[in-house]
Structures are given as C-alpha cells and as structure tokens.
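Quick notes on the structure that follows.
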Amino acid sequence: MKRFTGLLSLVAISTSFSALAQESTVGINSADHTQWGMLDQYCLECHNYEDWAGEVAFDLMTPGSLMEEPDVWEKAVRKLRGRLMPPPGSPQPEQKNINEFVSWVETTLDANNSIPRAGHVPVQRMNRTEYARSVQELIGVAINAEDFLPTEIEVDGFDNIAEALSVSPAFLNQYISAARQAASLAVGNASAKTSVAYYAPDASSQTVYQDGMPPGSRGGMAFRHTFPADAQYHFNLLGLGVGLNPSALETWHDVVMLVDGNIVFRGQVGGPEDLELVDRLGPAGSNQIMQRFSGIPVDVKAGTHEVVVTFVERARSQSLWWSDSGDLSRMPRMQSGVEVTGPFNSTGISMTPSREKIFVCYPASTDEERACARQITENLAKRAFRRPVRTEDMDILMPFFERGLAENGFDRGIEQVVAAVLANPWFLYRGVTPEAGEEAAYFALDDMELASRLSFFLWSQIPDQELLETAIAGNLSDPAVLAQQVRRMLDDPRANALVDNFAIKWLNLDDLEDVDPTPGQFPGYSNALRDDFGEEARRFLASILLADQPVTELMNADHTFLNERLARHYGIDSVYGAQFRRVELSDERRWGLLGKSAVLLRTSYGDRTSPVLRGDWVLEKLMGTPSPPPPPNVETDLNIPDGQKPTTLRARLEEHRANPSCNQCHGVIDPIGLALENYTVTGGWRDMDLAAQTAIDARTVMPANIPINGPVELRRELSRRPAQFVQTLTEKLMMYALSRELEYFDMPQVRAIVQQAGADDYRLYSIIMGIVNSDAFRLQARPHAEEAATVAMTTEPARSGN
C-alpha cells in the first residue's frame, strides 16, 4: 500500500496513476494476471485511490507489492479467510476463487527472503503464575501468588507478554514480600506462630459427595497447609451452619478432620441434646456447640500436608429432613472455613521436601557453617538464575547469610539467602542479550537462554535440574537432544501448564464467573455447576493436547468428562457420583468445543444468549479471523425495551443488519452465532425461546453462501478446512511461546509449521517442535535503539543464559 500525505495533491495522484497502471503489467506472469483479476472485479470499488477504504488502493499496486508491502497482504489474506472482505451485501467471489487467490498470495509471501527472521522480546519479569510455579520448583513451597503479587495486564488473553509485564517500585515490594514468606515456609521456624484461614467452597457443594474427598463423605473442604515445625497446631472450624435455625440440628452428624488421609479428629454435631441447647439458650447455645470445634489440638510434622474437614455421609432414611432440593438450612455444613494456628510445643523441624531441596549440606559444627552456606547458596543460585554462579553473585548473597547467622543462627541465615535469591533480578527477570561486540541484526539464543525460553513455554516455570544441566553442558542445541527434552517435558505432569496457562486463556475460558446467569431464568445453575464447566473444559483440552492427539479433535472429539451433576445438565442419565470420568458421546451436539458449556456460558450474557458474542468467538478463536470492533456511537443493545412485546434474537438481529454499515460485520458474525441458538446461556439445550414463545430457528447461511442448520452442521462446516483451525492454534501458541505479539513477518514460519505438522496429523508435539526449531524461537532481533538503555540497566553485556 502506498500512503500519501497532505503534501501530495489529487492532481499528482491522478497524473501518477496512469503511469502506474501502465507499469502494472510489466513482469507479471499469467498466474499473476489471473489472480490479480479478482481484485479488479471485487475490491477496486472501495479500495481505490479515490475512496482509499482501509487506507488501501489496489489500483495503485502491482503484484510486485506483495514483496514490497507484506504487512498489507497478510491483513488482506486474514480478511479473505474469514469472508470479512468483500463485505456482506457486496458481490462475492466463489470460495474456490478465494482459496486460489489466498494460496497465491501466501506462496508469494512465503518466498520473500527480505522480511525479518525474528522479532525482539524485551527483558520481562515473571508473571505471578510463573513466579509461584518457579518457587515450587526451586524450594518446594506452594504459595498463592494472588495473595502477594499484582494482577497482570492481559494481551489477547495471555498474561505472559513481555511488553505488558511492566515494573514499578510497588511491584518490587510485593515480590520481596512474597520472597520472604516463601523462604520462611521453606526453611521452617519453630518459634514463629502464625494463624492462617482457609475459606469454605460454595455452599451448594455441601449437600453431596465432592470429587477428590474421602469416600463416604459429604461436603466439607480440603486444603494444603505448610506447617513450619514439628509441633502441635490448633484448628478452629469457623462455622457449621448451626446458628439460630435449629432445623440443622434435628439429626446428628459426624464431623471428621484428616491430615494426609489419617483421621485426627472426630466430633458429633446435632441430635436431641444440641437441638434442645439452641432452643433453650439461643446464640449462647450455638456458641457452646461450636466450642467443641475450636482449638482442636493436632500434632503435625513440619512440611506441607493435606487437611480435609468433612461430614460422614448418612443414609437418607436416617435424615428425616432430606429432600431432593438439598435444603442447606436443614443440615450442618462448612459455612466459613478453617483456621490453623501454631506451632505450639515444637520438638524441632523434620527434613521436609523443601529443606531437602535447600539444605544440600548441614554443618556438624560452627566451623563448618560458612563453607556449607556457600555450597547451599551456589546450588540455589545456579538453579534460580538458570546459569553458572559468578563471583559477583556470591558477593551479593553471602552478606544476607552473615546477617541472619549473627541474629538467629544458621537456619535463619539460610532463610535470608533464600529470600534474597527469590527477590534477585536474575530470578525475577529473563531476557536474551547478544555477545559483547556482536552487531548482527539477529543473534542466536545460547543453550541456557534456550532452556529458559523452552521451560517457560512448556511448564510456565524455570528449568528443572535435568534441562538446566543439559544446557550448561552445551548439549541442548543438538537437535536430537532438544527433541528428546521436549518429549520428556510434554510427558511430565508439569506440562499441564499448557492447558491452564495457554489453552484455557486462548479460548477465554479462565473467567467463567464473569457471566452470572439470572437465577430466576436458570434455577438449576450454581457456582458448583460452573466449576464443573471449567473442570470439563480442562480435562477435555488435556485429553487432546497432552495425549498428543490431532489438535483438530478439539473440534470433533466425541468424548468429554462428566460427573453426575454435569451429565444431568446435558440430559445424560447414565453417570452417577461426583467423580469426573471420560464419557463417550452419542449426541453430536456435544462433540468438540462448540458443545461445551464453558464455551457457551462465556459467550453469553447473564440474562440471554448472544449470537454476536458466539459468532465473534468462533471467528477469532477457531478461525483466526477476528471481526473489527463496532464503530463508535453505534447502538449495540439488543435487549427488549420495557413494555415491548418479546421477539427472538434472530428478529432483532435481522433488524440490526438492515443497516448496511452494520451488515458489513454482522453479516459474517450473526450466521455463525445463530447456528448455536439452541444452547441456553448455561449450555443446556432448548427447542423454544421461552421469552418470545417461539420455536428456535437455527437455520442460517454462511458467508460463502453455504446453508447450515444448527451446531452440528456448523461444526462440520468449520471442520472442512482443518488447516485454518490448526493455523489459528499455532499462531496463538507461538505468541505464547515467544511472549510477544506476532508480526506479519512471523506468518511464513507459522504456515511452514502447520504444513509440516500436517504430515503428522497435526499433533501438538509436531507443532511445538516446529515452533521450537523456528527462527522466531531460536533467534532474537537486536533491540530498538530507544530500548537499548533499559536493556543495559537490567542485563550485562556478557551472555547470561537466563
């Protein structure tokens, strides 16, 4: 595209146009003539030097402009793939012609050797997920990073994009606080008493057995707590639903507490005596009952242990109050949570998994303390900084040990070192820097930088010992070794990070609570059912991606994961119990992503479905052709005005599309979303629009003039072009892997990866290996001049490998 400023007059443009038009035939082969003719026929009416729609004038271009302005043509290809151009209402080329034109443009762009080979990723700090996972890897302590660290700015749904991971003094203070807390938990402290509260889950989960809880239990809660010493701890149950309503006490119930599966407390609540006590004394009687469940003493060894508090399940015949509605007011339940206080009467600190990671030695006398401390510090710093330790590192870290040693002894000195490592810039930040004196436009990542980028990509954390040692030895750049490490990492449970931190965020399924269905309209909906939606989505994604199935199965797989509650929501009556299990689906309406309630809820409003949100989700997430945002000052509210007779969303959208300017986008978005109208806000199936008292009509015509009826035919139509879906996934996966937004020059590499993966049925391992072996992943462009000063402040000229 040739952009003209106000210095160019219309006269000059008109004069030059004639010459350009004559030149446009020079050096063009027959294939170029054939493809260029489609632009003349369908695009020039708007994209010309007079109208300048979208700042593009195809009549001032030649086929040679594909090489000269690849960024413009990558945008054009994306618009054509989504049938966003030519806009609905304009004459449309046949799909065959579009496919041929897109193939010609992409082939030409892919042969362009003058475009950049890689982009620049600035120095970035860990986000809070990466920080928590890295702390877990390094010292074996699980921390809730949300309690300490700021919420990240998301880019396209991802929270690991370097440009958005800004730094401020407040952020650094938060990281320091998190480091101190993690160090204290890891090393342990017999004298520091703490009180930590864990809050109960949604009340609706208290009536039945919960997946993962002990067999034969009802409701309750489970959590993991790090106990700082071998000692006694006091547990307070903060509420059992036995307040002023005596009906919860009509029958007795057993409350049990377990630590690592072993019962450490059993108490009874309810029955005639408790009922009489509350009837007679009121609140004082309730408080007297709760005293049984306060200050419960339990001896626990140091380390992280699982604590479970639950109720023993009773036969319904023993519970006279029971009804299928599960009336919460008539049963004891975990109402608030559990508080853990201690330690008391400590007998020492056992060798916990965290201490095993930290204390690679332990001094037998004071004479050995400093030598052992150096050994501990060197080991910890190497793993944390993702490179060999330098003299200057030790010069910074050892004074922290000396300070702690002087104040409170050897363990406190090591605790200070751990905190200093976790707050050190070499741990918190990662970046890629060139060799000193290197001036090339691109430079390769060294093995340690490659290990770091690979580990944050696949595991969202620092490298483990094996990957780090392989990199330090200089072996990771060996293609066979790299492939073996990628396979090992994908087979490791830590690869679940790809589901939670990539796939869920790519599909925008991480904030299901943002949609709050209207209770009166959806009486069967609960927070527990919403959690089931999320669990189903995670398990389904893992069953395809981590099992190395063709990623196209995300669209078409005929299985899912259900418990009884979710199965009933889907109209399946052959699943019993709270445990999730794999279920083969005979109903095609539930196949693939489009049949999952997590997707359908996330693309709705609380009080109604939204064909616009759903259509736009398909365009962006599955087809990779996002529609533009609505222009300013355009009415987008499709709710029925007060007092007006209810009509269907189809009718309201048809009225909206009557405006040609609205139809340009909605003519593409709405047909996709209308095919999904049989699904309710919460993903249930409906045949009637109850508000309009009209049967749902899911018939529609796709932009390529293809008629479809309902979600099954929509899924089949989308699946006819598997490479388009795989390219969409690959683009997002590469963006996530690189921690930067993709540019036009990345697209030839994306297409090459997709083409190569096609020979392996588009399996995730092949796509990941394509990304890992790409120039975009293995090379780094030199920073922009204005960024050089920032890089110099946070990195050293020598290669760091972090």
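Naming scheme: A, B, ... for chains in displayed order of the structure tokens; residues 1 onward per chain; ligands 1 onward as shown.
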Name the residues of stretch 538-642 of chain A that come out as strand (DSSP E) in a backbone DSSP run; write them as a PyMOL selection string. chain A and resi 559-562+581-584
Can you write just those residues out, N, CA, C and O atoms, as a short mmCIF file (atom, residue, chain, number, x, y, z; two decimals), in the first residue's frame?
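To be explicit, this is the file written out as out_15.cif:
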data_model
loop_
_atom_site.label_atom_id
_atom_site.label_comp_id
_atom_site.auth_asym_id
_atom_site.auth_seq_id
_atom_site.Cartn_x
_atom_site.Cartn_y
_atom_site.Cartn_z
N HIS A 559 -15.96 -37.39 22.78
CA HIS A 559 -15.91 -37.74 24.20
C HIS A 559 -15.83 -36.46 25.02
O HIS A 559 -15.51 -35.39 24.50
N THR A 560 -16.13 -36.59 26.29
CA THR A 560 -15.93 -35.48 27.22
C THR A 560 -15.72 -36.08 28.60
O THR A 560 -15.54 -37.28 28.75
N PHE A 561 -15.76 -35.23 29.64
CA PHE A 561 -15.55 -35.67 31.02
C PHE A 561 -16.67 -35.09 31.88
O PHE A 561 -16.88 -33.87 31.90
N LEU A 562 -17.40 -35.98 32.55
CA LEU A 562 -18.60 -35.57 33.26
C LEU A 562 -18.64 -36.17 34.66
O LEU A 562 -18.09 -37.24 34.91
N ARG A 581 -15.39 -38.55 35.02
CA ARG A 581 -14.87 -39.68 34.27
C ARG A 581 -15.11 -39.42 32.77
O ARG A 581 -16.00 -38.64 32.40
N ARG A 582 -14.31 -40.10 31.94
CA ARG A 582 -14.45 -39.95 30.50
C ARG A 582 -15.74 -40.62 30.05
O ARG A 582 -16.06 -41.74 30.46
N VAL A 583 -16.49 -39.91 29.19
CA VAL A 583 -17.76 -40.41 28.69
C VAL A 583 -17.77 -40.27 27.17
O VAL A 583 -17.48 -39.20 26.65
N GLU A 584 -18.10 -41.35 26.48
CA GLU A 584 -18.25 -41.30 25.02
C GLU A 584 -19.64 -40.72 24.71
O GLU A 584 -20.63 -41.08 25.34
#
Go through stretch 376-477 of chain A residue by residue and, counting only C-alpha atoms, keep those with an atom at most 10 Å from stretch 150-163 of chain A; for each kept residue give the shortest atom pair and its distance in Å to one decimal, ordered by chain and increasing number, as a tab-separated table.
residue	atom	partner	partner_atom	distance
A:Arg430	CA	A:Ala162	CA	9.7
A:Gly431	CA	A:Ala162	CA	9.6
A:Phe456	CA	A:Asn160	CA	9.4
A:Phe457	CA	A:Asn160	CA	9.7
A:Ser460	CA	A:Asn160	CA	9.1
Same residues, C-alpha atoms, output as an mmCIF file, in the first residue's frame:
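Once written, selection.cif looks like this:
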data_model
loop_
_atom_site.group_PDB
_atom_site.id
_atom_site.type_symbol
_atom_site.label_atom_id
_atom_site.label_comp_id
_atom_site.auth_asym_id
_atom_site.auth_seq_id
_atom_site.Cartn_x
_atom_site.Cartn_y
_atom_site.Cartn_z
ATOM 1 C CA ARG A 430 14.529 -13.197 31.934
ATOM 2 C CA GLY A 431 15.949 -11.820 28.759
ATOM 3 C CA PHE A 456 8.659 -21.091 30.495
ATOM 4 C CA PHE A 457 6.903 -22.113 27.266
ATOM 5 C CA SER A 460 5.496 -21.814 32.934
#
Which residue, A:Asp393, A:Glu368, A:Asp516, A:Asp531, has the smallest gap to A:Asp202 when you use only C-alpha atoms?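 Going through A:Asp393, A:Glu368, A:Asp516, A:Asp531 one by one, the smallest distance to A:Asp202 is for A:Asp531.
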Using only C-alpha atoms: which of A:Pro399, A:Pro463, A:Pro748, A:Gly285 has the shortest distance to A:Thr730: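 Once distances to A:Thr730 are computed over only C-alpha atoms, the minimum belongs to A:Pro748.
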Using only C-alpha atoms, determine which residues lie at most 12 Å from A:Tyr362, disregarding the query and same-chain residues fewer than 3 positions distant; provide the list as a list in words.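 Everything that qualifies: Met351, Arg355, Glu356, Ile358, Phe359, Ser365, Thr366, Asp367, Glu368, Glu369, Arg370, Ala371, Cys372, Ala373, Arg374, Gln375, Ile376, Phe410, Asp411 and Ile414 of chain A.
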Can you pull out the residues contacting A:Gly219? Cut-off 10 Å, using only C-alpha atoms, and skip same-chain residues under 2 positions away; I want them as a PyMOL selection string. chain A and resi 200-211+213+217+221-222+309-313+332-334
Take the selection from the previous step and output its residues with N, CA and C atoms, as a PDB file, in the first residue's frame.
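As written to disk, again.pdb reads:
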ATOM      1  N   ALA A 200     -14.284 -21.800  53.056  1.00  0.00           N
ATOM      2  CA  ALA A 200     -15.087 -22.906  52.546  1.00  0.00           C
ATOM      3  C   ALA A 200     -15.539 -22.625  51.115  1.00  0.00           C
ATOM      4  N   PRO A 201     -15.757 -23.689  50.332  1.00  0.00           N
ATOM      5  CA  PRO A 201     -16.240 -23.506  48.959  1.00  0.00           C
ATOM      6  C   PRO A 201     -17.708 -23.126  48.931  1.00  0.00           C
ATOM      7  N   ASP A 202     -18.230 -23.026  47.745  1.00  0.00           N
ATOM      8  CA  ASP A 202     -19.624 -22.649  47.538  1.00  0.00           C
ATOM      9  C   ASP A 202     -20.562 -23.554  48.336  1.00  0.00           C
ATOM     10  N   ALA A 203     -21.582 -22.967  48.952  1.00  0.00           N
ATOM     11  CA  ALA A 203     -22.476 -23.709  49.836  1.00  0.00           C
ATOM     12  C   ALA A 203     -23.193 -24.850  49.125  1.00  0.00           C
ATOM     13  N   SER A 204     -23.459 -24.692  47.824  1.00  0.00           N
ATOM     14  CA  SER A 204     -24.209 -25.727  47.110  1.00  0.00           C
ATOM     15  C   SER A 204     -23.437 -27.033  47.002  1.00  0.00           C
ATOM     16  N   SER A 205     -22.125 -27.005  47.265  1.00  0.00           N
ATOM     17  CA  SER A 205     -21.316 -28.218  47.196  1.00  0.00           C
ATOM     18  C   SER A 205     -21.377 -29.024  48.487  1.00  0.00           C
ATOM     19  N   GLN A 206     -22.107 -28.537  49.508  1.00  0.00           N
ATOM     20  CA  GLN A 206     -22.079 -29.164  50.825  1.00  0.00           C
ATOM     21  C   GLN A 206     -23.131 -30.257  51.008  1.00  0.00           C
ATOM     22  N   THR A 207     -23.993 -30.449  50.033  1.00  0.00           N
ATOM     23  CA  THR A 207     -25.079 -31.412  50.213  1.00  0.00           C
ATOM     24  C   THR A 207     -24.731 -32.820  49.752  1.00  0.00           C
ATOM     25  N   VAL A 208     -23.674 -32.963  48.938  1.00  0.00           N
ATOM     26  CA  VAL A 208     -23.369 -34.267  48.337  1.00  0.00           C
ATOM     27  C   VAL A 208     -21.868 -34.532  48.412  1.00  0.00           C
ATOM     28  N   TYR A 209     -21.496 -35.723  48.004  1.00  0.00           N
ATOM     29  CA  TYR A 209     -20.077 -36.083  47.938  1.00  0.00           C
ATOM     30  C   TYR A 209     -19.357 -35.208  46.914  1.00  0.00           C
ATOM     31  N   GLN A 210     -18.130 -34.786  47.255  1.00  0.00           N
ATOM     32  CA  GLN A 210     -17.329 -33.961  46.365  1.00  0.00           C
ATOM     33  C   GLN A 210     -16.162 -34.762  45.811  1.00  0.00           C
ATOM     34  N   ASP A 211     -15.927 -34.609  44.502  1.00  0.00           N
ATOM     35  CA  ASP A 211     -14.846 -35.335  43.852  1.00  0.00           C
ATOM     36  C   ASP A 211     -13.521 -35.030  44.536  1.00  0.00           C
ATOM     37  N   MET A 213     -12.680 -35.993  47.583  1.00  0.00           N
ATOM     38  CA  MET A 213     -12.808 -36.103  49.036  1.00  0.00           C
ATOM     39  C   MET A 213     -12.839 -37.579  49.432  1.00  0.00           C
ATOM     40  N   SER A 217     -18.046 -39.555  52.355  1.00  0.00           N
ATOM     41  CA  SER A 217     -18.167 -38.241  52.988  1.00  0.00           C
ATOM     42  C   SER A 217     -19.175 -37.387  52.244  1.00  0.00           C
ATOM     43  N   MET A 221     -14.381 -29.500  52.989  1.00  0.00           N
ATOM     44  CA  MET A 221     -13.373 -28.747  52.253  1.00  0.00           C
ATOM     45  C   MET A 221     -12.016 -29.399  52.449  1.00  0.00           C
ATOM     46  N   ALA A 222     -11.119 -29.131  51.523  1.00  0.00           N
ATOM     47  CA  ALA A 222      -9.756 -29.650  51.591  1.00  0.00           C
ATOM     48  C   ALA A 222      -8.790 -28.528  51.230  1.00  0.00           C
ATOM     49  N   VAL A 309     -11.566 -31.475  56.072  1.00  0.00           N
ATOM     50  CA  VAL A 309     -12.644 -31.437  57.070  1.00  0.00           C
ATOM     51  C   VAL A 309     -13.933 -31.734  56.316  1.00  0.00           C
ATOM     52  N   THR A 310     -14.674 -32.751  56.778  1.00  0.00           N
ATOM     53  CA  THR A 310     -15.863 -33.155  56.040  1.00  0.00           C
ATOM     54  C   THR A 310     -16.856 -33.810  56.994  1.00  0.00           C
ATOM     55  N   PHE A 311     -17.998 -34.178  56.451  1.00  0.00           N
ATOM     56  CA  PHE A 311     -19.039 -34.862  57.215  1.00  0.00           C
ATOM     57  C   PHE A 311     -19.148 -36.300  56.726  1.00  0.00           C
ATOM     58  N   VAL A 312     -19.417 -37.198  57.644  1.00  0.00           N
ATOM     59  CA  VAL A 312     -19.666 -38.585  57.257  1.00  0.00           C
ATOM     60  C   VAL A 312     -21.049 -38.657  56.623  1.00  0.00           C
ATOM     61  N   GLU A 313     -21.110 -39.226  55.432  1.00  0.00           N
ATOM     62  CA  GLU A 313     -22.391 -39.329  54.730  1.00  0.00           C
ATOM     63  C   GLU A 313     -23.346 -40.246  55.496  1.00  0.00           C
ATOM     64  N   PRO A 332     -26.082 -29.395  58.898  1.00  0.00           N
ATOM     65  CA  PRO A 332     -24.793 -28.771  59.206  1.00  0.00           C
ATOM     66  C   PRO A 332     -23.911 -28.764  57.959  1.00  0.00           C
ATOM     67  N   ARG A 333     -23.045 -27.776  57.855  1.00  0.00           N
ATOM     68  CA  ARG A 333     -22.211 -27.647  56.664  1.00  0.00           C
ATOM     69  C   ARG A 333     -20.994 -26.799  56.984  1.00  0.00           C
ATOM     70  N   MET A 334     -19.983 -26.864  56.142  1.00  0.00           N
ATOM     71  CA  MET A 334     -18.838 -25.965  56.269  1.00  0.00           C
ATOM     72  C   MET A 334     -19.293 -24.587  55.801  1.00  0.00           C
TER      73      MET A 334
END
Based on the backbone DSSP call, show me all residues of stretch 316-532 of chain A assigned helix (DSSP H, G or I), as a PyMOL selection string. chain A and resi 316-318+328-330+353-358+366-385+391-408+410-422+425-428+447-458+465-472+479-491+493-506+512-514+527-532
For A:Ala182, which residue among A:Gln521, A:Thr341, A:Ser354, A:Thr347 is the nearest when counting only C-alpha atoms?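 The shortest atom-to-atom distance to A:Ala182 comes from A:Ser354.
One finds atom CA of A:Val612 at 10.0 Å from atom CA of A:Leu649.
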Env of A:Leu240: 10 Å cut, atoms = only C-alpha atoms, seq-sep filter 4 positions within chain, self excluded. Answer as an MDAnalysis selection string. chainID A and resid 220 248 255 269 286 289:290 293 331:337
With all heavy atoms retained, could you export that selection as a compact mmCIF listing (two decimals), in the first residue's frame?
# COMPACT_ATOMS: atom_id res chain seq x y z
N GLY A 220 -17.90 -30.53 52.89
CA GLY A 220 -16.61 -30.30 53.50
C GLY A 220 -15.68 -29.49 52.63
O GLY A 220 -16.07 -28.86 51.64
N ALA A 248 -31.17 -27.42 61.48
CA ALA A 248 -29.92 -28.07 61.10
C ALA A 248 -29.46 -29.06 62.15
O ALA A 248 -28.55 -29.86 61.90
CB ALA A 248 -28.83 -27.02 60.86
N VAL A 255 -18.56 -35.04 62.22
CA VAL A 255 -17.57 -34.18 61.57
C VAL A 255 -16.21 -34.84 61.76
O VAL A 255 -15.84 -35.19 62.89
CB VAL A 255 -17.56 -32.77 62.19
CG1 VAL A 255 -16.55 -31.89 61.45
CG2 VAL A 255 -18.94 -32.16 62.14
N VAL A 269 -22.18 -33.35 65.83
CA VAL A 269 -23.00 -32.15 65.93
C VAL A 269 -24.43 -32.53 65.60
O VAL A 269 -24.68 -33.34 64.71
CB VAL A 269 -22.47 -31.03 65.00
CG1 VAL A 269 -22.50 -31.45 63.55
CG2 VAL A 269 -23.26 -29.75 65.20
N SER A 286 -25.62 -22.00 70.56
CA SER A 286 -24.86 -22.24 69.33
C SER A 286 -23.37 -22.09 69.59
O SER A 286 -22.55 -22.90 69.12
CB SER A 286 -25.30 -21.27 68.24
OG SER A 286 -26.66 -21.46 67.91
N ILE A 289 -21.98 -25.09 71.38
CA ILE A 289 -21.77 -26.23 70.47
C ILE A 289 -20.46 -26.04 69.69
O ILE A 289 -19.66 -26.97 69.54
CB ILE A 289 -22.97 -26.37 69.51
CG1 ILE A 289 -24.21 -26.80 70.27
CG2 ILE A 289 -22.65 -27.35 68.39
CD1 ILE A 289 -25.48 -26.76 69.44
N MET A 290 -20.22 -24.83 69.21
CA MET A 290 -19.04 -24.58 68.38
C MET A 290 -17.74 -24.66 69.18
O MET A 290 -16.66 -24.81 68.59
CB MET A 290 -19.15 -23.22 67.69
CG MET A 290 -20.18 -23.19 66.56
SD MET A 290 -19.92 -24.50 65.33
CE MET A 290 -18.24 -24.11 64.78
N PHE A 293 -15.51 -27.47 68.47
CA PHE A 293 -14.78 -27.47 67.21
C PHE A 293 -13.80 -26.30 67.13
O PHE A 293 -13.42 -25.86 66.05
CB PHE A 293 -15.77 -27.43 66.04
CG PHE A 293 -16.80 -28.53 66.11
CD1 PHE A 293 -18.08 -28.29 66.63
CD2 PHE A 293 -16.47 -29.82 65.68
CE1 PHE A 293 -19.01 -29.31 66.70
CE2 PHE A 293 -17.41 -30.84 65.77
CZ PHE A 293 -18.67 -30.59 66.27
N MET A 331 -29.26 -28.70 57.41
CA MET A 331 -28.14 -29.62 57.57
C MET A 331 -26.89 -28.85 57.99
O MET A 331 -26.64 -27.74 57.52
CB MET A 331 -27.87 -30.36 56.27
CG MET A 331 -27.50 -29.47 55.11
SD MET A 331 -27.56 -30.31 53.52
CE MET A 331 -26.58 -31.74 53.83
N PRO A 332 -26.08 -29.40 58.90
CA PRO A 332 -24.79 -28.77 59.21
C PRO A 332 -23.91 -28.76 57.96
O PRO A 332 -23.99 -29.66 57.12
CB PRO A 332 -24.21 -29.68 60.30
CG PRO A 332 -25.37 -30.42 60.84
CD PRO A 332 -26.32 -30.60 59.71
N ARG A 333 -23.05 -27.78 57.85
CA ARG A 333 -22.21 -27.65 56.66
C ARG A 333 -20.99 -26.80 56.98
O ARG A 333 -20.98 -26.08 57.99
CB ARG A 333 -22.99 -26.99 55.54
CG ARG A 333 -23.46 -25.58 55.85
CD ARG A 333 -24.50 -25.09 54.86
NE ARG A 333 -24.89 -23.70 55.10
CZ ARG A 333 -25.79 -23.32 55.99
NH1 ARG A 333 -26.39 -24.21 56.76
NH2 ARG A 333 -26.10 -22.03 56.12
N MET A 334 -19.98 -26.86 56.14
CA MET A 334 -18.84 -25.97 56.27
C MET A 334 -19.29 -24.59 55.80
O MET A 334 -19.51 -24.36 54.61
CB MET A 334 -17.67 -26.46 55.42
CG MET A 334 -17.07 -27.77 55.89
SD MET A 334 -16.48 -27.71 57.60
CE MET A 334 -15.28 -26.38 57.51
N GLN A 335 -19.47 -23.69 56.75
CA GLN A 335 -20.08 -22.40 56.44
C GLN A 335 -19.05 -21.33 56.13
O GLN A 335 -19.23 -20.54 55.21
CB GLN A 335 -20.96 -21.97 57.62
CG GLN A 335 -21.81 -20.75 57.35
CD GLN A 335 -22.76 -20.47 58.49
OE1 GLN A 335 -22.42 -20.70 59.65
NE2 GLN A 335 -23.95 -20.00 58.19
N SER A 336 -17.97 -21.28 56.90
CA SER A 336 -16.99 -20.21 56.72
C SER A 336 -15.62 -20.75 56.33
O SER A 336 -15.00 -20.26 55.39
CB SER A 336 -16.87 -19.37 58.00
OG SER A 336 -18.11 -18.77 58.31
N GLY A 337 -15.12 -21.74 57.06
CA GLY A 337 -13.81 -22.26 56.74
C GLY A 337 -13.11 -22.83 57.95
O GLY A 337 -13.73 -23.18 58.96
Near A:Pro671, within 12 Å and counting only C-alpha atoms, which residues show up once chain neighbours fewer than 3 positions away are dropped, as a PyMOL selection string? chain A and resi 88+610-616+618-619+649-650+653-654+657+663+665-668+674-677+697-711+714
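Candidate residues A:Asp775, A:Asp532, A:Asp761, A:Glu378 were compared for distance to A:Gln749, and the nearest is A:Asp775, using only C-alpha atoms.
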As a PyMOL selection string, please: the residues near A:Asn773 (cut-off 12 Å, only C-alpha atoms, same-chain neighbours under 3 positions excluded). chain A and resi 444-445+450+454+476-480+482-483+486+734+737+749-750+752-753+756+766-770+776-779
